[in-house]
Amino acid sequence: MDTANEAQVQIRLVAKQKKYEIPDAPIVVPQQLQRYGLSEIVNHLLGHEKPVPFDFLVDGQFLRDSISGYLKAHDLSAENILTLEYVESMLPPTEIASYSHDDWISSIATASAERFVVGSYDGIVRVWNAQSECESELRGHESAVKCVAAASLESTKRSKVEIVSGSQDQTAIAWGSKSGQRKALYVARGHTDSIEAVAINPANTHFVTASADSTIRFWSLAVPKESEDAQLEEQDVAPAAKKRKGASAITKAAVGTLSGHVGAVTSVCFDTDHEQHVYSGGWDHSVRTWDVASGVNVATSLCDKVVLDVDYSQHSRLIATGHADRAVRLWDPRTSDNTVVKLRLTSHKGFVSSVAWAPSSAYMLASASHDGTIKVWDVRSRTPLYTVAAASASDADKKLLALDWHQQSLLLAGGESG
């Protein structure tokens with residue numbers, strides 16, 4: 001390449017991954033370089049025989065133009081040294097399979113490398129395998145299924161519970177294998193309104209449910225030997241939430257109740273580093289931290305709009321939340337100032353209904369929206385890496401309501417299109 005007469009600029013290349021670190025001394029490169037040319041330079045400096053594709057961050061944004069274009073767009077002088085952080089690139093997501101349902105999909109949870117669980121507004125919980133086969137249709141709820149959670153394979157041997165589902169019928173049902181078939185093991189009763197979210201702790205010993213009745217309830221995952229109707233009486237559970245006529249599964253009562261939200265609680269998740277801590281979000285515009293052992297609301301963070309979903313990353317130790325104002329917000333629960341949002345990500349054109357951290361990355365986050373798109377973010381940038389729209393034109397404007405990562409690099413999503 002003849003660079004003698006080309007405009008040039010000094011850049012400093014930095015990486016946070018040790019395996020990709022190079023000396024950060026400034027080098028001179030042509031301003032016309034884009035990420036592909038920059039990626040070639042990094043691979044050459046690393047001595048890679050097989051090139052690794054990289055993306056480049058400049059001041060919190062991915063470089064999607066030439067260096068010259070970036071300098072002009074931000075009115076920057078080429079005399080300054082430009083620092084570029086390079087990160088391993090992710091391939092654009094593409095649709096690889098479709099799983100048809102008769103009604104809206106409300107929730108999705110990965111169960112294993114071979115299976116995932118789907119909750120639907122038709123009141124059925126379905127278990128699908130990697131061959132696009134529906135292994136089980138679990139019927140027991142009397143109304144729409146709003147949420148599902150899957151236990152780990154190791155815990156299934158101890159508690160026998162594989163799946164927990166929550167419904168508008170105010171109950172949560174634990175499902176597991178009996179005589180070679182998946183069946184209801186018990187029905188968790190106590191809420192007085194729709195159950196909107198459910199989460200199982202990392203140790204797979206307990207689960208929590210969040211409800212439109214403004215409360216979060218804490219439950220043991222273990223199957224009780226007999227119905228716990230006496231405990232429900234002691235908890236003064238409303239008659240509508242008690243065992244319904246004809247119900248055959250064992251009844252389970254909550255271990256404790258977390259009260260503090262004003263209005264519906266829409267979302268809940270465990271802190272995977274401190275299992276006694278639970279995070280929740282709701283209609284009262286708050287993100288709350290709870291100590292489930294004591295039942296105390298230990299911290300409350302407020303924002304401008306309704307919180308629709310919450311997820312915690314064990315790698316970045318950040319909380320991601322989806323909101324009715326079309327934004328994704330990141331929070332650091334370790335800070336003492338609970339009013340500060342670490343980062344606000346805006347690109348969606350509708351409510352952000354679901355957020356999910358990638359299982360093996362501190363930076364990769366996915367969000368699903370009522371605008372019918374999935375966005376994949378690297379949270380080191382304020383702009384999305386990729387936007388994934390529906391493959392079918394007829395589904396383009398249909399709401400997405402549920403999202404989860406499957407293994408390390410696959411995304412599952414569902415919503416209005418079924």
# chains A, B, ... in the order shown; residues from 1 in each chain; ligands from 1
>>> select_by_dssp(residues="segment 33-268 of chain A", states="strand (DSSP E or B)", output="PyMOL selection string")
chain A and resi 54-58+61-62+82-88+105-110+115-120+124-129+134-139+145-150+163-167+172-178+181-188+195-200+206-211+215-220+250-252+256-259+265-268
>>> select_by_dssp(residues="segment 193-294 of chain A", states="helix (DSSP H, G or I)", output="PyMOL selection string")
chain A and resi 229-234+239-241
>>> write_last_selection(atoms="N, CA and C atoms", output="short mmCIF file (atom, residue, chain, number, x, y, z; two decimals), in the first residue's frame")
data_model
loop_
_atom_site.label_atom_id
_atom_site.label_comp_id
_atom_site.auth_asym_id
_atom_site.auth_seq_id
_atom_site.Cartn_x
_atom_site.Cartn_y
_atom_site.Cartn_z
N ASP A 229 -51.49 -27.19 53.29
CA ASP A 229 -52.68 -26.35 53.42
C ASP A 229 -52.71 -25.61 54.75
N ALA A 230 -52.17 -26.25 55.81
CA ALA A 230 -52.18 -25.61 57.13
C ALA A 230 -51.37 -24.32 57.12
N GLN A 231 -50.23 -24.34 56.43
CA GLN A 231 -49.40 -23.14 56.33
C GLN A 231 -50.13 -22.03 55.56
N LEU A 232 -50.90 -22.41 54.54
CA LEU A 232 -51.66 -21.41 53.79
C LEU A 232 -52.70 -20.74 54.68
N GLU A 233 -53.31 -21.52 55.55
CA GLU A 233 -54.29 -20.96 56.49
C GLU A 233 -53.61 -19.98 57.43
N GLU A 234 -52.41 -20.36 57.91
CA GLU A 234 -51.66 -19.49 58.82
C GLU A 234 -51.24 -18.18 58.13
N PRO A 239 -59.18 -16.96 49.71
CA PRO A 239 -59.79 -18.20 49.20
C PRO A 239 -59.51 -18.46 47.73
N ALA A 240 -59.47 -17.41 46.91
CA ALA A 240 -59.26 -17.57 45.47
C ALA A 240 -57.90 -18.17 45.16
N ALA A 241 -56.96 -18.02 46.09
CA ALA A 241 -55.60 -18.50 45.85
C ALA A 241 -55.36 -19.88 46.44
#
>>> residues_around(residues="Val198 of chain A", least_positions_apart="4", cutoff="9 Å", atoms="only C-alpha atoms", output="list in words")
Cys147, Val148, Ala149, Val164, Ser165, Gly166, Ala172, Phe207, Val208, Thr209, Ala210, Ser267, Val268 and Cys269 of chain A
>>> residues_around(residues="segment 160-163 of chain A", least_positions_apart="3", cutoff="9 Å", atoms="only C-alpha atoms", output="ChimeraX atom specification")
/A:111,117,148-153,155-157,173-178,182,185,221-223
>>> write_last_selection(atoms="N, CA and C atoms", output="mmCIF file, in the first residue's frame")
data_model
loop_
_atom_site.group_PDB
_atom_site.id
_atom_site.type_symbol
_atom_site.label_atom_id
_atom_site.label_comp_id
_atom_site.auth_asym_id
_atom_site.auth_seq_id
_atom_site.Cartn_x
_atom_site.Cartn_y
_atom_site.Cartn_z
ATOM 1 N N ALA A 111 -33.067 -25.064 29.254
ATOM 2 C CA ALA A 111 -32.981 -26.127 30.260
ATOM 3 C C ALA A 111 -31.635 -26.844 30.204
ATOM 4 N N VAL A 117 -37.510 -24.557 27.329
ATOM 5 C CA VAL A 117 -38.893 -24.561 27.806
ATOM 6 C C VAL A 117 -39.578 -23.276 27.362
ATOM 7 N N VAL A 148 -41.549 -18.981 32.935
ATOM 8 C CA VAL A 148 -41.003 -20.321 33.156
ATOM 9 C C VAL A 148 -39.551 -20.192 33.603
ATOM 10 N N ALA A 149 -39.089 -21.160 34.362
ATOM 11 C CA ALA A 149 -37.680 -21.259 34.766
ATOM 12 C C ALA A 149 -37.303 -22.730 34.766
ATOM 13 N N ALA A 150 -36.053 -23.016 34.417
ATOM 14 C CA ALA A 150 -35.582 -24.405 34.334
ATOM 15 C C ALA A 150 -34.491 -24.653 35.360
ATOM 16 N N ALA A 151 -34.569 -25.792 36.044
ATOM 17 C CA ALA A 151 -33.536 -26.195 36.997
ATOM 18 C C ALA A 151 -32.400 -26.878 36.253
ATOM 19 N N SER A 152 -31.224 -26.917 36.874
ATOM 20 C CA SER A 152 -30.088 -27.585 36.249
ATOM 21 C C SER A 152 -30.280 -29.104 36.286
ATOM 22 N N LEU A 153 -29.590 -29.797 35.390
ATOM 23 C CA LEU A 153 -29.714 -31.250 35.321
ATOM 24 C C LEU A 153 -29.259 -31.912 36.615
ATOM 25 N N SER A 155 -29.439 -30.742 39.677
ATOM 26 C CA SER A 155 -30.393 -30.573 40.771
ATOM 27 C C SER A 155 -31.633 -31.430 40.585
ATOM 28 N N THR A 156 -31.939 -31.750 39.333
ATOM 29 C CA THR A 156 -33.128 -32.547 39.057
ATOM 30 C C THR A 156 -33.066 -33.885 39.784
ATOM 31 N N LYS A 157 -31.861 -34.439 39.920
ATOM 32 C CA LYS A 157 -31.698 -35.714 40.614
ATOM 33 C C LYS A 157 -32.023 -35.586 42.098
ATOM 34 N N ILE A 173 -46.415 -23.900 39.211
ATOM 35 C CA ILE A 173 -46.406 -25.363 39.200
ATOM 36 C C ILE A 173 -44.978 -25.854 38.968
ATOM 37 N N ALA A 174 -44.557 -26.806 39.808
ATOM 38 C CA ALA A 174 -43.264 -27.467 39.628
ATOM 39 C C ALA A 174 -43.498 -28.751 38.853
ATOM 40 N N TRP A 175 -42.717 -28.930 37.777
ATOM 41 C CA TRP A 175 -42.875 -30.083 36.901
ATOM 42 C C TRP A 175 -41.629 -30.966 36.965
ATOM 43 N N GLY A 176 -41.852 -32.281 36.897
ATOM 44 C CA GLY A 176 -40.740 -33.223 36.890
ATOM 45 C C GLY A 176 -41.196 -34.565 36.375
ATOM 46 N N SER A 177 -40.259 -35.495 36.258
ATOM 47 C CA SER A 177 -40.575 -36.802 35.687
ATOM 48 C C SER A 177 -41.101 -37.764 36.746
ATOM 49 N N LYS A 178 -42.237 -38.387 36.405
ATOM 50 C CA LYS A 178 -42.834 -39.435 37.238
ATOM 51 C C LYS A 178 -43.251 -40.566 36.318
ATOM 52 N N ARG A 182 -43.263 -36.342 32.195
ATOM 53 C CA ARG A 182 -43.242 -35.090 32.953
ATOM 54 C C ARG A 182 -44.653 -34.777 33.447
ATOM 55 N N LEU A 185 -45.568 -31.861 39.965
ATOM 56 C CA LEU A 185 -45.145 -32.441 41.241
ATOM 57 C C LEU A 185 -45.823 -31.755 42.415
ATOM 58 N N LEU A 221 -37.556 -25.495 46.695
ATOM 59 C CA LEU A 221 -37.794 -26.230 45.454
ATOM 60 C C LEU A 221 -38.179 -27.689 45.714
ATOM 61 N N ALA A 222 -37.857 -28.180 46.890
ATOM 62 C CA ALA A 222 -38.088 -29.596 47.205
ATOM 63 C C ALA A 222 -39.575 -29.947 47.164
ATOM 64 N N VAL A 223 -39.860 -31.175 46.784
ATOM 65 C CA VAL A 223 -41.240 -31.647 46.725
ATOM 66 C C VAL A 223 -41.701 -32.008 48.136
#
>>> closest_residue(among="A:Thr383, A:Ser360, A:Thr346, A:Asn201", to="Tyr279 of chain A", atoms="only C-alpha atoms")
A:Asn201
>>> residues_around(residues="Thr321 of chain A", least_positions_apart="5", cutoff="7 Å", atoms="only C-alpha atoms", output="PyMOL selection string")
chain A and resi 307+309-311+328-330+355
>>> closest_residue(among="A:Arg189, A:Leu33, A:Val287, A:Ala293", to="Arg64 of chain A", atoms="only C-alpha atoms")
A:Leu33
>>> atom_distance(atom1="atom CA of Leu401 of chain A", atom2="atom CA of Ala413 of chain A")
7.7 Å
>>> residues_around(residues="Glu416 of chain A", least_positions_apart="5", cutoff="12 Å", atoms="only C-alpha atoms", output="compact mmCIF listing (two decimals) with N, CA and C atoms, in the first residue's frame")
# COMPACT_ATOMS: atom_id res chain seq x y z
N SER A 100 -43.34 -23.43 16.08
CA SER A 100 -44.68 -22.84 15.98
C SER A 100 -45.52 -23.13 17.22
N HIS A 101 -46.25 -22.08 17.67
CA HIS A 101 -47.19 -22.20 18.78
C HIS A 101 -48.53 -21.62 18.35
N ASP A 102 -49.60 -22.06 19.02
CA ASP A 102 -50.94 -21.61 18.65
C ASP A 102 -51.28 -20.25 19.24
N ASP A 103 -50.56 -19.82 20.26
CA ASP A 103 -50.87 -18.56 20.92
C ASP A 103 -49.58 -17.82 21.22
N TRP A 104 -49.69 -16.62 21.79
CA TRP A 104 -48.52 -15.80 22.09
C TRP A 104 -47.57 -16.55 23.03
N ILE A 105 -46.29 -16.38 22.80
CA ILE A 105 -45.26 -16.92 23.69
C ILE A 105 -44.93 -15.85 24.73
N SER A 106 -45.04 -16.21 25.99
CA SER A 106 -44.80 -15.25 27.07
C SER A 106 -43.40 -15.36 27.66
N SER A 107 -42.80 -16.56 27.58
CA SER A 107 -41.54 -16.78 28.29
C SER A 107 -40.77 -17.95 27.69
N SER A 120 -46.73 -20.28 27.27
CA SER A 120 -47.60 -19.67 26.27
C SER A 120 -48.90 -19.19 26.89
N TYR A 121 -49.54 -18.25 26.18
CA TYR A 121 -50.82 -17.71 26.63
C TYR A 121 -51.96 -18.72 26.50
N SER A 353 -39.10 -5.52 26.47
CA SER A 353 -39.83 -6.50 27.27
C SER A 353 -38.94 -7.53 27.94
N SER A 369 -37.91 -6.54 22.15
CA SER A 369 -38.79 -5.38 22.28
C SER A 369 -40.13 -5.58 21.59
N HIS A 370 -41.08 -4.73 21.98
CA HIS A 370 -42.38 -4.70 21.30
C HIS A 370 -42.24 -4.20 19.87
N ASP A 371 -41.08 -3.65 19.50
CA ASP A 371 -40.89 -3.21 18.11
C ASP A 371 -40.57 -4.39 17.19
N GLY A 372 -40.55 -5.62 17.75
CA GLY A 372 -40.35 -6.82 16.95
C GLY A 372 -38.91 -7.17 16.67
N ALA A 390 -37.54 -9.80 12.38
CA ALA A 390 -38.20 -11.06 12.03
C ALA A 390 -37.87 -11.46 10.60
N SER A 394 -44.49 -10.83 7.52
CA SER A 394 -45.76 -10.82 8.24
C SER A 394 -45.57 -10.69 9.75
N ASP A 395 -44.35 -11.01 10.24
CA ASP A 395 -44.06 -10.94 11.67
C ASP A 395 -43.29 -9.68 12.05
N ALA A 396 -43.05 -8.80 11.07
CA ALA A 396 -42.13 -7.68 11.28
C ALA A 396 -42.52 -6.77 12.42
N ASP A 397 -43.81 -6.51 12.59
CA ASP A 397 -44.26 -5.55 13.61
C ASP A 397 -44.88 -6.23 14.83
N LYS A 398 -44.70 -7.53 14.95
CA LYS A 398 -45.31 -8.25 16.07
C LYS A 398 -44.39 -8.22 17.29
N LYS A 399 -44.99 -8.01 18.45
CA LYS A 399 -44.23 -7.83 19.69
C LYS A 399 -43.41 -9.06 20.05
N LEU A 400 -42.19 -8.83 20.53
CA LEU A 400 -41.40 -9.87 21.17
C LEU A 400 -41.54 -9.71 22.68
N LEU A 401 -41.78 -10.81 23.38
CA LEU A 401 -42.03 -10.76 24.81
C LEU A 401 -41.01 -11.54 25.63
N ALA A 402 -40.27 -12.44 24.98
CA ALA A 402 -39.39 -13.35 25.74
C ALA A 402 -38.07 -13.56 25.00
>>> residues_around(residues="segment 82-90 of chain A", least_positions_apart="3", cutoff="10 Å", atoms="only C-alpha atoms", output="JSON, numbers by chain")
{"A": [9, 10, 11, 12, 13, 14, 15, 16, 17, 20, 21, 24, 26, 27, 35, 38, 39, 42, 52, 53, 54, 55, 56, 57, 58, 59, 60, 62, 63, 67, 71, 76, 77, 78, 79, 93, 364, 376, 378, 380, 385, 386, 409]}
>>> closest_residue(among="A:Ala368, A:Asp213, A:Ser227, A:His141", to="Trp405 of chain A", atoms="only C-alpha atoms")
A:Ala368
>>> closest_residue(among="A:Gln34, A:Gln408, A:Ser68, A:Ser179", to="Pro359 of chain A", atoms="only C-alpha atoms")
A:Gln408
>>> atom_distance(atom1="atom CA of His44 of chain A", atom2="atom CA of Leu91 of chain A")
21.2 Å
>>> atom_distance(atom1="atom CA of Lys375 of chain A", atom2="atom CA of His348 of chain A")
7.9 Å
>>> decode(residues="segment 237-337 of chain A", atoms="C-alpha atoms", output="PDB file, in the first residue's frame")
ATOM      1  CA  VAL A 237     -54.204 -16.692  51.956  1.00  0.00           C
ATOM      2  CA  ALA A 238     -57.309 -15.455  50.173  1.00  0.00           C
ATOM      3  CA  PRO A 239     -59.789 -18.196  49.203  1.00  0.00           C
ATOM      4  CA  ALA A 240     -59.258 -17.573  45.466  1.00  0.00           C
ATOM      5  CA  ALA A 241     -55.603 -18.499  45.846  1.00  0.00           C
ATOM      6  CA  LYS A 242     -56.194 -21.741  47.730  1.00  0.00           C
ATOM      7  CA  LYS A 243     -56.437 -25.155  46.178  1.00  0.00           C
ATOM      8  CA  ARG A 244     -59.009 -25.168  43.399  1.00  0.00           C
ATOM      9  CA  LYS A 245     -61.700 -27.772  43.087  1.00  0.00           C
ATOM     10  CA  GLY A 246     -60.473 -30.857  41.270  1.00  0.00           C
ATOM     11  CA  ALA A 247     -56.781 -30.034  41.612  1.00  0.00           C
ATOM     12  CA  SER A 248     -54.823 -33.219  42.265  1.00  0.00           C
ATOM     13  CA  ALA A 249     -51.227 -32.002  42.792  1.00  0.00           C
ATOM     14  CA  ILE A 250     -49.772 -31.450  46.246  1.00  0.00           C
ATOM     15  CA  THR A 251     -50.107 -27.891  47.548  1.00  0.00           C
ATOM     16  CA  LYS A 252     -46.986 -25.959  48.576  1.00  0.00           C
ATOM     17  CA  ALA A 253     -46.779 -22.836  50.757  1.00  0.00           C
ATOM     18  CA  ALA A 254     -44.150 -20.100  50.555  1.00  0.00           C
ATOM     19  CA  VAL A 255     -41.222 -19.892  52.963  1.00  0.00           C
ATOM     20  CA  GLY A 256     -41.428 -16.099  53.055  1.00  0.00           C
ATOM     21  CA  THR A 257     -42.922 -12.986  51.453  1.00  0.00           C
ATOM     22  CA  LEU A 258     -41.047  -9.862  50.320  1.00  0.00           C
ATOM     23  CA  SER A 259     -43.217  -6.743  50.432  1.00  0.00           C
ATOM     24  CA  GLY A 260     -42.263  -3.211  49.407  1.00  0.00           C
ATOM     25  CA  HIS A 261     -43.163  -2.663  45.775  1.00  0.00           C
ATOM     26  CA  VAL A 262     -46.134  -0.420  45.015  1.00  0.00           C
ATOM     27  CA  GLY A 263     -48.039  -2.022  42.167  1.00  0.00           C
ATOM     28  CA  ALA A 264     -47.202  -5.084  40.087  1.00  0.00           C
ATOM     29  CA  VAL A 265     -43.783  -6.726  40.329  1.00  0.00           C
ATOM     30  CA  THR A 266     -42.864  -7.619  36.757  1.00  0.00           C
ATOM     31  CA  SER A 267     -39.471  -9.284  37.067  1.00  0.00           C
ATOM     32  CA  VAL A 268     -37.119 -11.035  39.475  1.00  0.00           C
ATOM     33  CA  CYS A 269     -33.700 -12.728  39.400  1.00  0.00           C
ATOM     34  CA  PHE A 270     -31.080 -14.068  41.803  1.00  0.00           C
ATOM     35  CA  ASP A 271     -27.617 -12.634  42.394  1.00  0.00           C
ATOM     36  CA  THR A 272     -25.508 -15.610  41.304  1.00  0.00           C
ATOM     37  CA  ASP A 273     -22.605 -14.446  43.493  1.00  0.00           C
ATOM     38  CA  HIS A 274     -24.696 -13.934  46.650  1.00  0.00           C
ATOM     39  CA  GLU A 275     -27.667 -16.268  46.529  1.00  0.00           C
ATOM     40  CA  GLN A 276     -29.346 -14.626  49.498  1.00  0.00           C
ATOM     41  CA  HIS A 277     -29.806 -11.533  47.327  1.00  0.00           C
ATOM     42  CA  VAL A 278     -32.649 -11.144  44.843  1.00  0.00           C
ATOM     43  CA  TYR A 279     -33.251  -8.272  42.396  1.00  0.00           C
ATOM     44  CA  SER A 280     -36.716  -7.191  41.290  1.00  0.00           C
ATOM     45  CA  GLY A 281     -38.370  -4.555  39.114  1.00  0.00           C
ATOM     46  CA  GLY A 282     -41.907  -3.280  38.860  1.00  0.00           C
ATOM     47  CA  TRP A 283     -44.518  -0.760  37.875  1.00  0.00           C
ATOM     48  CA  ASP A 284     -43.366   1.609  40.620  1.00  0.00           C
ATOM     49  CA  HIS A 285     -40.254   2.455  38.515  1.00  0.00           C
ATOM     50  CA  SER A 286     -37.968   0.799  41.046  1.00  0.00           C
ATOM     51  CA  VAL A 287     -35.211  -1.816  40.967  1.00  0.00           C
ATOM     52  CA  ARG A 288     -34.936  -3.380  44.419  1.00  0.00           C
ATOM     53  CA  THR A 289     -32.376  -5.559  46.168  1.00  0.00           C
ATOM     54  CA  TRP A 290     -33.691  -8.018  48.752  1.00  0.00           C
ATOM     55  CA  ASP A 291     -32.147 -10.249  51.388  1.00  0.00           C
ATOM     56  CA  VAL A 292     -34.416 -13.289  51.175  1.00  0.00           C
ATOM     57  CA  ALA A 293     -33.207 -14.719  54.485  1.00  0.00           C
ATOM     58  CA  SER A 294     -34.334 -11.691  56.466  1.00  0.00           C
ATOM     59  CA  GLY A 295     -36.990 -10.448  54.047  1.00  0.00           C
ATOM     60  CA  VAL A 296     -35.426  -6.970  54.063  1.00  0.00           C
ATOM     61  CA  ASN A 297     -35.395  -4.592  51.095  1.00  0.00           C
ATOM     62  CA  VAL A 298     -31.724  -3.601  51.416  1.00  0.00           C
ATOM     63  CA  ALA A 299     -31.524  -1.178  48.464  1.00  0.00           C
ATOM     64  CA  THR A 300     -33.846   0.625  46.065  1.00  0.00           C
ATOM     65  CA  SER A 301     -32.924   2.297  42.768  1.00  0.00           C
ATOM     66  CA  LEU A 302     -35.423   4.561  41.023  1.00  0.00           C
ATOM     67  CA  CYS A 303     -35.788   5.510  37.369  1.00  0.00           C
ATOM     68  CA  ASP A 304     -38.303   7.324  35.173  1.00  0.00           C
ATOM     69  CA  LYS A 305     -40.326   4.451  33.742  1.00  0.00           C
ATOM     70  CA  VAL A 306     -41.849   1.050  34.475  1.00  0.00           C
ATOM     71  CA  VAL A 307     -39.333  -1.819  34.782  1.00  0.00           C
ATOM     72  CA  LEU A 308     -40.373  -4.742  32.549  1.00  0.00           C
ATOM     73  CA  ASP A 309     -37.454  -7.149  33.018  1.00  0.00           C
ATOM     74  CA  VAL A 310     -34.281  -7.587  35.057  1.00  0.00           C
ATOM     75  CA  ASP A 311     -31.207  -9.813  34.698  1.00  0.00           C
ATOM     76  CA  TYR A 312     -27.917 -10.093  36.620  1.00  0.00           C
ATOM     77  CA  SER A 313     -24.503 -10.939  35.129  1.00  0.00           C
ATOM     78  CA  GLN A 314     -22.093 -12.998  37.240  1.00  0.00           C
ATOM     79  CA  HIS A 315     -19.247 -11.855  34.963  1.00  0.00           C
ATOM     80  CA  SER A 316     -19.721  -8.061  34.955  1.00  0.00           C
ATOM     81  CA  ARG A 317     -21.711  -8.060  38.236  1.00  0.00           C
ATOM     82  CA  LEU A 318     -24.095  -5.568  36.675  1.00  0.00           C
ATOM     83  CA  ILE A 319     -27.891  -5.567  36.545  1.00  0.00           C
ATOM     84  CA  ALA A 320     -29.604  -4.987  33.201  1.00  0.00           C
ATOM     85  CA  THR A 321     -33.202  -3.762  33.080  1.00  0.00           C
ATOM     86  CA  GLY A 322     -35.690  -3.288  30.238  1.00  0.00           C
ATOM     87  CA  HIS A 323     -38.171  -0.415  30.373  1.00  0.00           C
ATOM     88  CA  ALA A 324     -41.380   1.057  28.994  1.00  0.00           C
ATOM     89  CA  ASP A 325     -39.476   4.106  27.717  1.00  0.00           C
ATOM     90  CA  ARG A 326     -37.710   1.872  25.107  1.00  0.00           C
ATOM     91  CA  ALA A 327     -34.409   1.962  27.019  1.00  0.00           C
ATOM     92  CA  VAL A 328     -32.097  -0.644  28.517  1.00  0.00           C
ATOM     93  CA  ARG A 329     -30.408   0.486  31.742  1.00  0.00           C
ATOM     94  CA  LEU A 330     -27.357  -0.947  33.489  1.00  0.00           C
ATOM     95  CA  TRP A 331     -26.951  -0.696  37.265  1.00  0.00           C
ATOM     96  CA  ASP A 332     -24.056  -1.545  39.562  1.00  0.00           C
ATOM     97  CA  PRO A 333     -25.504  -3.012  42.795  1.00  0.00           C
ATOM     98  CA  ARG A 334     -22.126  -2.599  44.526  1.00  0.00           C
ATOM     99  CA  THR A 335     -22.298   1.211  44.520  1.00  0.00           C
ATOM    100  CA  SER A 336     -23.696   3.121  47.469  1.00  0.00           C
ATOM    101  CA  ASP A 337     -25.471   5.667  45.257  1.00  0.00           C
TER     102      ASP A 337
END
